[in-house]
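Participant: Please find final12.csv (CSV, C-alpha atoms) on the next line:
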```
chain,number,residue,atom,x,y,z
N,10,MET,CA,0.0,0.0,0.0
N,11,LYS,CA,1.3,3.5,-0.9
N,12,PHE,CA,0.1,6.9,0.1
N,13,TYR,CA,0.6,9.5,-2.6
N,14,ALA,CA,0.7,13.1,-1.4
N,15,LEU,CA,0.5,15.6,-4.2
N,16,HIS,CA,1.6,19.2,-3.9
N,17,GLU,CA,2.8,22.0,-6.2
N,18,GLY,CA,6.0,23.5,-4.9
N,19,PHE,CA,6.0,24.8,-1.3
N,20,TYR,CA,4.1,27.6,0.5
N,21,GLU,CA,3.9,28.3,4.2
N,22,GLY,CA,3.2,25.1,6.1
N,23,ILE,CA,3.4,22.6,3.3
N,24,GLU,CA,6.7,21.1,4.2
N,25,LEU,CA,5.5,20.5,7.8
N,26,ARG,CA,2.2,19.0,6.5
N,27,LEU,CA,4.0,16.6,4.3
N,28,GLU,CA,6.4,15.6,7.1
N,29,GLN,CA,3.5,14.9,9.4
N,30,LEU,CA,1.8,12.7,6.8
N,31,ARG,CA,5.1,11.0,6.1
N,32,ASN,CA,5.5,10.2,9.9
N,33,ALA,CA,1.9,8.9,10.0
N,34,CYS,CA,2.6,6.5,7.1
N,35,GLN,CA,5.8,5.3,8.7
N,36,ASP,CA,4.0,4.5,12.0
N,37,LEU,CA,1.4,2.6,10.0
N,38,ASP,CA,3.9,0.8,7.8
N,39,ILE,CA,2.6,2.4,4.6
N,40,GLU,CA,4.9,3.6,1.9
N,41,PHE,CA,4.8,7.4,1.6
N,42,CYS,CA,5.3,9.0,-1.9
N,43,ALA,CA,5.3,12.8,-2.1
N,44,ILE,CA,5.0,14.1,-5.7
N,45,ASP,CA,5.7,17.7,-6.5
N,46,ALA,CA,3.9,18.7,-9.7
N,47,LEU,CA,6.6,21.2,-10.5
N,48,GLN,CA,9.3,18.5,-10.5
N,49,THR,CA,7.2,15.6,-12.0
N,50,ASP,CA,7.9,13.8,-15.3
N,51,PHE,CA,4.4,13.9,-16.8
N,52,SER,CA,5.5,11.4,-19.5
N,53,ASN,CA,6.0,8.7,-16.8
N,54,LEU,CA,3.3,8.9,-14.2
N,55,PRO,CA,2.5,6.0,-11.9
N,56,LYS,CA,-0.7,4.1,-12.4
N,57,LEU,CA,-2.6,3.9,-9.2
N,58,GLY,CA,-4.6,0.9,-8.2
N,59,ARG,CA,-7.0,-0.3,-5.5
N,60,THR,CA,-4.3,-0.6,-2.8
N,61,ASP,CA,-3.1,3.0,-3.4
N,62,LEU,CA,-4.1,6.1,-1.4
N,63,LEU,CA,-4.2,9.5,-3.1
N,64,TYR,CA,-4.5,12.9,-1.5
N,65,ASN,CA,-3.7,16.3,-3.1
N,66,SER,CA,-2.4,17.8,0.1
N,67,ALA,CA,-2.0,21.4,-1.0
N,68,ARG,CA,-3.5,24.0,-3.3
N,69,GLY,CA,-2.4,23.5,-6.9
N,70,SER,CA,-1.4,20.3,-8.7
N,71,GLU,CA,-5.0,19.7,-9.9
N,72,MET,CA,-3.8,18.6,-13.3
N,73,LEU,CA,-1.6,16.0,-11.7
N,74,GLU,CA,-4.5,14.8,-9.6
N,75,ASN,CA,-6.7,14.6,-12.6
N,76,LEU,CA,-4.2,12.4,-14.4
N,77,LEU,CA,-3.8,10.1,-11.4
N,78,LEU,CA,-7.5,9.8,-10.4
N,79,ASN,CA,-9.4,6.8,-11.5
N,80,GLN,CA,-12.2,4.7,-10.1
N,81,GLU,CA,-9.9,2.2,-8.3
N,82,VAL,CA,-7.6,4.5,-6.2
N,83,THR,CA,-8.8,5.3,-2.7
N,84,THR,CA,-9.3,9.0,-1.9
N,85,PHE,CA,-11.2,11.3,0.4
N,86,TYR,CA,-13.8,11.8,-2.2
N,87,ILE,CA,-17.1,10.1,-1.5
N,88,LYS,CA,-17.2,9.1,-5.1
N,89,ASN,CA,-14.1,9.6,-7.2
N,90,PRO,CA,-14.9,12.3,-9.8
N,91,GLU,CA,-13.9,12.0,-13.4
N,92,THR,CA,-12.3,15.4,-13.2
N,93,ILE,CA,-11.7,18.1,-10.6
N,94,SER,CA,-11.5,21.9,-10.9
N,95,ALA,CA,-9.2,24.3,-9.1
N,96,ASN,CA,-9.2,23.5,-5.4
N,97,PHE,CA,-8.3,27.1,-4.4
N,98,ASP,CA,-11.8,28.3,-5.3
N,99,THR,CA,-13.9,27.5,-2.2
N,100,THR,CA,-16.8,29.5,-3.7
N,101,LYS,CA,-18.0,26.4,-5.6
N,102,TYR,CA,-18.7,24.7,-2.3
N,103,SER,CA,-20.5,27.8,-1.0
N,104,VAL,CA,-22.9,27.6,-4.0
N,105,ILE,CA,-23.8,24.0,-3.0
N,106,HIS,CA,-24.2,25.1,0.7
N,107,GLU,CA,-26.6,27.9,-0.2
N,108,LYS,CA,-28.8,25.6,-2.2
N,109,ALA,CA,-28.9,23.3,0.8
N,110,ASN,CA,-29.9,26.3,3.0
N,111,LEU,CA,-27.0,25.9,5.4
N,112,PRO,CA,-26.6,28.9,7.7
N,113,ALA,CA,-24.0,31.2,6.0
N,114,PRO,CA,-23.5,34.9,5.4
N,115,LYS,CA,-25.8,36.2,2.6
N,116,THR,CA,-23.9,36.1,-0.6
N,117,ILE,CA,-24.1,37.5,-4.1
N,118,PHE,CA,-22.1,35.3,-6.4
N,119,HIS,CA,-21.3,37.8,-9.1
N,120,LEU,CA,-19.8,41.3,-8.8
N,121,THR,CA,-21.1,44.0,-11.2
N,122,ASP,CA,-20.5,47.7,-11.8
N,123,ASP,CA,-24.2,48.2,-12.5
N,124,ARG,CA,-25.3,50.9,-10.0
N,125,GLN,CA,-28.9,49.8,-9.7
N,126,LEU,CA,-27.9,46.2,-9.1
N,127,LEU,CA,-25.3,47.3,-6.6
N,128,LYS,CA,-27.8,49.3,-4.6
N,129,LYS,CA,-30.1,46.3,-4.5
N,130,TYR,CA,-27.3,44.0,-3.5
N,131,VAL,CA,-26.2,46.3,-0.6
N,132,GLU,CA,-29.8,46.3,0.7
N,133,TYR,CA,-30.0,42.5,0.4
N,134,LEU,CA,-26.7,42.0,2.3
N,135,GLY,CA,-27.9,44.2,5.1
N,136,GLY,CA,-26.1,47.5,4.3
N,137,PHE,CA,-22.6,48.6,4.8
N,138,PRO,CA,-20.0,47.3,5.6
N,139,ILE,CA,-20.0,44.5,3.1
N,140,ILE,CA,-17.3,42.1,1.8
N,141,ILE,CA,-15.9,41.7,-1.7
N,142,LYS,CA,-14.0,38.4,-2.1
N,143,ALA,CA,-12.0,37.2,-5.0
N,144,THR,CA,-13.0,33.6,-5.8
N,145,ALA,CA,-9.4,32.6,-6.3
N,146,SER,CA,-8.2,34.2,-3.1
N,147,THR,CA,-6.6,32.4,-0.2
N,148,ARG,CA,-5.8,33.3,3.4
N,149,GLY,CA,-7.7,36.5,3.2
N,150,ILE,CA,-5.7,38.0,0.3
N,151,GLY,CA,-8.3,39.4,-2.1
N,152,THR,CA,-10.9,39.9,0.6
N,153,ILE,CA,-11.9,43.5,0.9
N,154,LYS,CA,-14.1,45.3,3.4
N,155,ILE,CA,-16.3,48.0,1.8
N,156,GLU,CA,-17.5,50.7,4.2
N,157,SER,CA,-19.4,53.1,1.9
N,158,TRP,CA,-21.2,53.6,-1.4
N,159,GLN,CA,-18.3,55.7,-2.8
N,160,ASN,CA,-15.9,53.0,-1.8
N,161,LEU,CA,-18.1,50.3,-3.4
N,162,ILE,CA,-18.6,51.9,-6.8
N,163,SER,CA,-14.9,52.9,-7.2
N,164,THR,CA,-13.7,49.4,-6.2
N,165,ALA,CA,-16.3,47.6,-8.3
N,166,ASP,CA,-15.4,49.7,-11.4
N,167,TYR,CA,-11.8,48.6,-11.1
N,168,LEU,CA,-12.4,45.0,-10.1
N,169,VAL,CA,-14.9,44.3,-12.9
N,170,LYS,CA,-12.4,45.5,-15.5
N,171,THR,CA,-9.7,43.0,-14.2
N,172,GLY,CA,-11.6,40.1,-15.6
N,173,ASP,CA,-11.3,38.2,-12.3
N,174,LYS,CA,-14.3,36.7,-10.5
N,175,PHE,CA,-15.6,38.2,-7.2
N,176,ILE,CA,-18.5,37.6,-4.9
N,177,LEU,CA,-20.2,40.1,-2.5
N,178,ARG,CA,-20.9,38.9,1.0
N,179,GLU,CA,-22.7,40.1,4.2
N,180,PHE,CA,-20.3,41.3,6.8
N,181,ILE,CA,-20.5,39.4,10.1
N,182,LYS,CA,-19.3,41.2,13.1
N,183,ALA,CA,-17.7,38.2,14.7
N,184,LYS,CA,-16.4,37.7,18.2
N,185,SER,CA,-14.6,34.5,17.3
N,186,GLY,CA,-13.9,32.1,14.5
N,187,GLY,CA,-13.6,28.4,14.5
N,188,ARG,CA,-12.1,25.6,12.5
N,189,LEU,CA,-13.6,22.1,12.7
N,190,MET,CA,-11.8,19.2,11.1
N,191,VAL,CA,-14.2,16.7,9.6
N,192,LEU,CA,-13.2,13.1,8.9
N,193,GLY,CA,-15.8,10.7,7.7
N,194,ASP,CA,-19.0,11.2,9.7
N,195,GLU,CA,-17.5,13.1,12.6
N,196,VAL,CA,-15.6,16.2,13.8
N,197,ILE,CA,-12.3,14.8,15.1
N,198,ALA,CA,-10.8,18.1,16.2
N,199,SER,CA,-12.0,21.7,16.6
N,200,ALA,CA,-10.6,25.0,17.8
N,201,ALA,CA,-11.6,28.6,18.2
N,202,PHE,CA,-9.6,31.7,17.5
N,203,THR,CA,-10.3,35.3,18.5
N,204,MET,CA,-10.6,38.0,15.8
N,205,HIS,CA,-7.6,40.3,15.2
N,206,ASP,CA,-7.8,43.8,16.6
N,207,ASN,CA,-6.4,45.5,13.5
N,208,ASP,CA,-7.5,43.3,10.6
N,209,PHE,CA,-10.9,41.6,10.0
N,210,ARG,CA,-9.0,38.9,8.1
N,211,ASN,CA,-7.5,36.3,10.3
N,212,ALA,CA,-5.5,34.1,7.9
N,213,VAL,CA,-3.2,36.7,6.4
N,214,ASP,CA,-0.6,36.2,9.1
N,215,LEU,CA,-1.0,32.7,10.5
N,216,SER,CA,1.6,33.4,13.1
N,217,GLN,CA,-0.8,35.8,14.8
N,218,THR,CA,-3.7,33.4,14.8
N,219,LYS,CA,-3.9,31.6,18.2
N,220,TYR,CA,-6.1,28.6,18.5
N,221,THR,CA,-7.7,27.2,21.6
N,222,ASN,CA,-9.4,23.8,21.8
N,223,ARG,CA,-13.2,24.1,21.7
N,224,ILE,CA,-16.0,21.5,21.5
N,225,TYR,CA,-18.7,23.0,19.4
N,226,PRO,CA,-22.5,22.4,19.8
N,227,GLU,CA,-23.7,19.2,18.2
N,228,GLN,CA,-25.8,21.2,15.7
N,229,VAL,CA,-22.7,23.1,14.5
N,230,GLN,CA,-20.8,19.8,14.2
N,231,GLN,CA,-23.6,18.3,12.1
N,232,ILE,CA,-23.6,21.3,9.8
N,233,ALA,CA,-19.8,20.9,9.4
N,234,VAL,CA,-20.2,17.2,8.5
N,235,ARG,CA,-23.1,17.9,6.1
N,236,ALA,CA,-21.2,20.8,4.4
N,237,THR,CA,-18.2,18.5,3.9
N,238,HIS,CA,-20.3,15.6,2.4
N,239,LEU,CA,-22.2,18.0,0.1
N,240,ALA,CA,-18.8,18.8,-1.4
N,241,ASN,CA,-18.3,15.1,-2.2
N,242,VAL,CA,-15.5,14.8,0.3
N,243,GLU,CA,-14.9,13.0,3.6
N,244,PHE,CA,-12.2,15.2,5.0
N,245,ALA,CA,-12.2,19.0,5.2
N,246,GLY,CA,-11.4,22.0,7.4
N,247,VAL,CA,-14.7,23.8,8.0
N,248,ASP,CA,-14.6,27.4,9.0
N,249,PHE,CA,-17.3,29.2,11.0
N,250,LEU,CA,-17.8,32.6,12.4
N,251,GLU,CA,-19.7,33.3,15.7
N,252,ASP,CA,-21.3,36.6,16.0
N,253,GLU,CA,-21.8,38.6,19.3
N,254,ASN,CA,-25.2,37.0,19.8
N,255,GLY,CA,-23.8,33.4,19.6
N,256,ASN,CA,-25.1,32.7,16.1
N,257,PHE,CA,-22.9,30.5,13.9
N,258,TYR,CA,-22.3,31.1,10.2
N,259,LEU,CA,-20.6,28.6,7.9
N,260,LEU,CA,-17.9,30.6,6.1
N,261,GLU,CA,-16.3,27.9,3.9
N,262,ILE,CA,-14.9,24.5,3.7
N,263,ASN,CA,-11.3,23.8,2.7
N,264,PHE,CA,-10.2,20.8,0.8
N,265,PRO,CA,-7.3,20.3,1.0
N,266,SER,CA,-7.0,21.8,4.4
N,267,GLY,CA,-4.3,22.8,6.9
N,268,PHE,CA,-4.4,20.8,10.1
N,269,SER,CA,-1.0,21.2,11.7
N,270,ALA,CA,-1.9,24.0,14.1
N,271,LEU,CA,-4.7,21.9,15.7
N,272,ILE,CA,-2.7,18.8,16.4
N,273,ASP,CA,-1.2,19.9,19.7
N,274,VAL,CA,-4.1,22.3,20.6
N,275,CYS,CA,-6.7,19.6,20.3
N,276,GLY,CA,-4.5,16.6,21.3
N,277,VAL,CA,-5.4,14.7,18.2
N,278,ASP,CA,-3.0,13.1,15.8
N,279,ILE,CA,-4.9,14.3,12.7
N,280,PRO,CA,-2.5,13.1,10.0
N,281,LYS,CA,-2.5,9.6,11.5
N,282,ARG,CA,-6.3,9.6,11.7
N,283,MET,CA,-6.3,10.6,8.0
N,284,VAL,CA,-4.0,7.9,6.8
N,285,GLU,CA,-5.8,5.3,9.0
N,286,PHE,CA,-9.1,6.3,7.5
N,287,LEU,CA,-7.9,5.9,3.9
N,288,ALA,CA,-6.2,2.6,4.6
N,289,ARG,CA,-9.4,1.2,6.2
N,290,LYS,CA,-11.5,2.5,3.3
N,291,SER,CA,-9.1,0.8,0.9
N,292,GLN,CA,-9.3,-2.5,2.7
N,293,ASN,CA,-13.1,-2.2,2.7
N,294,ASN,CA,-13.1,-1.6,-1.0
N,295,LEU,CA,-11.1,-4.8,-1.6
N,296,ARG,CA,-13.7,-7.0,0.0
```
For the file at hand, write its structure as structure tokens.

Facilitator:
Amino acid sequence: MKFYALHEGFYEGIELRLEQLRNACQDLDIEFCAIDALQTDFSNLPKLGRTDLLYNSARGSEMLENLLLNQEVTTFYIKNPETISANFDTTKYSVIHEKANLPAPKTIFHLTDDRQLLKKYVEYLGGFPIIIKATASTRGIGTIKIESWQNLISTADYLVKTGDKFILREFIKAKSGGRLMVLGDEVIASAAFTMHDNDFRNAVDLSQTKYTNRIYPEQVQQIAVRATHLANVEFAGVDFLEDENGNFYLLEINFPSGFSALIDVCGVDIPKRMVEFLARKSQNNLR
């Protein structure tokens, strides 16, 4: 049995993530194979079978994952898809969640510079401030807080001309955020973080984000599991915001997802649980 961990180069935290997955495989006597899409010979790719485990462990390398995916290999997908799209765009999951009426910030899934529509959208989103978010953004880069009408129209005029895709979202005045790690049918680890004093975005500087272990209400855990399964995956980092009245809002799910910061905080060996889950799923598929 081999565990194939895909990635595309290195950004913050990826080397540690791969090392933790490698150590988990070593403990479970499973061969670990990290494949960097930037260094791969695409003319000689391995052919994965029923005893192989596949996880695209970081953003990027979707083309490599598409080429390695088949109906035999074991993955975190509920059903292995024929093809996948860019995994840095979490908006595609938000669309599914909205259709399922999960509790989330109100969202307009298309930015326009049309003044009449913008006025209607601001009213729908509850007034200023509102959020503009690039669909291809990550860790808060490309997420903009809009405080006024003048700010909105000048920003929209520019962003629409870039040709990039943006959404508008209700601004939630949050007292805390939370990440719940879903694996299979349960939340295996969860932690809260307080909001930054000088930046409404919490993921821009991960070194400043301090997690504390927190067990969330059963209803929130169930929403996290359902949100994950609706995305056709069995593993994800699910992010919530909690407002000052104790209401919870599903912000997004992340697949792939960082997990390193929660290992010590929650006292859960998340990478080992991940590898064990896939190994067990592979054995069940062989029966």

Participant: Just want the 12 Å neighbourhood of Gly187 (chain N), counted on all atoms listed in the file, with same-chain residues fewer than 3 positions away dropped. Output as number ranges by chain.

Facilitator: N: 183-184, 190, 198-204, 211-212, 218-226, 229-230, 233, 246-252, 257-262, 271

Participant: Quick one, how far is CA of Asp173 (chain N) from CA of Asn160 (chain N)?

Facilitator: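 Separation between CA of Asp173 (chain N) and CA of Asn160 (chain N): 18.7 Å.
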
Participant: In Å, how far is it from CA of Lys170 (chain N) to CA of Arg124 (chain N)?

Facilitator: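 Interatomic distance, CA of Lys170 (chain N) to CA of Arg124 (chain N): 15.0 Å.
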
Participant: Name all residues at most 8 Å from region 67-81 of chain N (count all atoms listed in the file; drop same-chain ones fewer than 5 positions away) and give them as a short mmCIF file (atom, residue, chain, number, x, y, z; two decimals) with C-alpha atoms, in the coordinates of the input.

Facilitator:
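Output file result_4.cif is given in full below:
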```
data_model
loop_
_atom_site.label_atom_id
_atom_site.label_comp_id
_atom_site.auth_asym_id
_atom_site.auth_seq_id
_atom_site.Cartn_x
_atom_site.Cartn_y
_atom_site.Cartn_z
CA LEU N 15 0.50 15.60 -4.20
CA HIS N 16 1.60 19.20 -3.90
CA GLU N 17 2.80 22.00 -6.20
CA ILE N 23 3.40 22.60 3.30
CA ASP N 45 5.70 17.70 -6.50
CA ALA N 46 3.90 18.70 -9.70
CA LEU N 54 3.30 8.90 -14.20
CA PRO N 55 2.50 6.00 -11.90
CA LYS N 56 -0.70 4.10 -12.40
CA LEU N 57 -2.60 3.90 -9.20
CA GLY N 58 -4.60 0.90 -8.20
CA ARG N 59 -7.00 -0.30 -5.50
CA ASN N 89 -14.10 9.60 -7.20
CA PRO N 90 -14.90 12.30 -9.80
CA GLU N 91 -13.90 12.00 -13.40
CA THR N 92 -12.30 15.40 -13.20
CA ILE N 93 -11.70 18.10 -10.60
CA SER N 94 -11.50 21.90 -10.90
CA ALA N 95 -9.20 24.30 -9.10
CA ASN N 96 -9.20 23.50 -5.40
CA PHE N 97 -8.30 27.10 -4.40
CA PRO N 265 -7.30 20.30 1.00
CA SER N 266 -7.00 21.80 4.40
#
```

Participant: In Å, rounded to a single decimal, give me how far CA of Leu27 (chain N) is from CA of Phe51 (chain N).

Facilitator: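 Separation of CA of Phe51 (chain N) and CA of Leu27 (chain N): 21.3 Å.
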
Participant: Go through N:Leu177, N:Ile232, N:Ala14, N:Val104 and flag the residue nearest Thr84 (chain N), using only C-alpha atoms for the distances.

Facilitator: N:Ala14

Participant: Determine the nearest neighbour of Thr121 (chain N) from the options N:Gly136, N:Gly172, N:Gly18, N:Gly186, counting only C-alpha atoms.

Facilitator: N:Gly172

Participant: Please identify all polymer residues within 7 Å of Glu179 (chain N), counting all atoms listed in the file, omitting same-chain residues fewer than 2 positions from it, and present them as a list in words.

Facilitator: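 In the requested format, the answer is Pro114, Lys115, Thr116, Leu134, Gly135, Ile139, Ile140 and Ile181 of chain N.
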
Participant: How big is the axis-aligned box, and where does its centre sit, when it encloses all atoms of region 132-143 of chain N listed in the file and has 4 Å added on every side, reported in Å to one decimal as lines of an AutoDock Vina configuration file?

Facilitator:
```
center_x = -21.0
center_y = 42.9
center_z = 0.3
size_x = 26.0
size_y = 19.4
size_z = 18.6
```
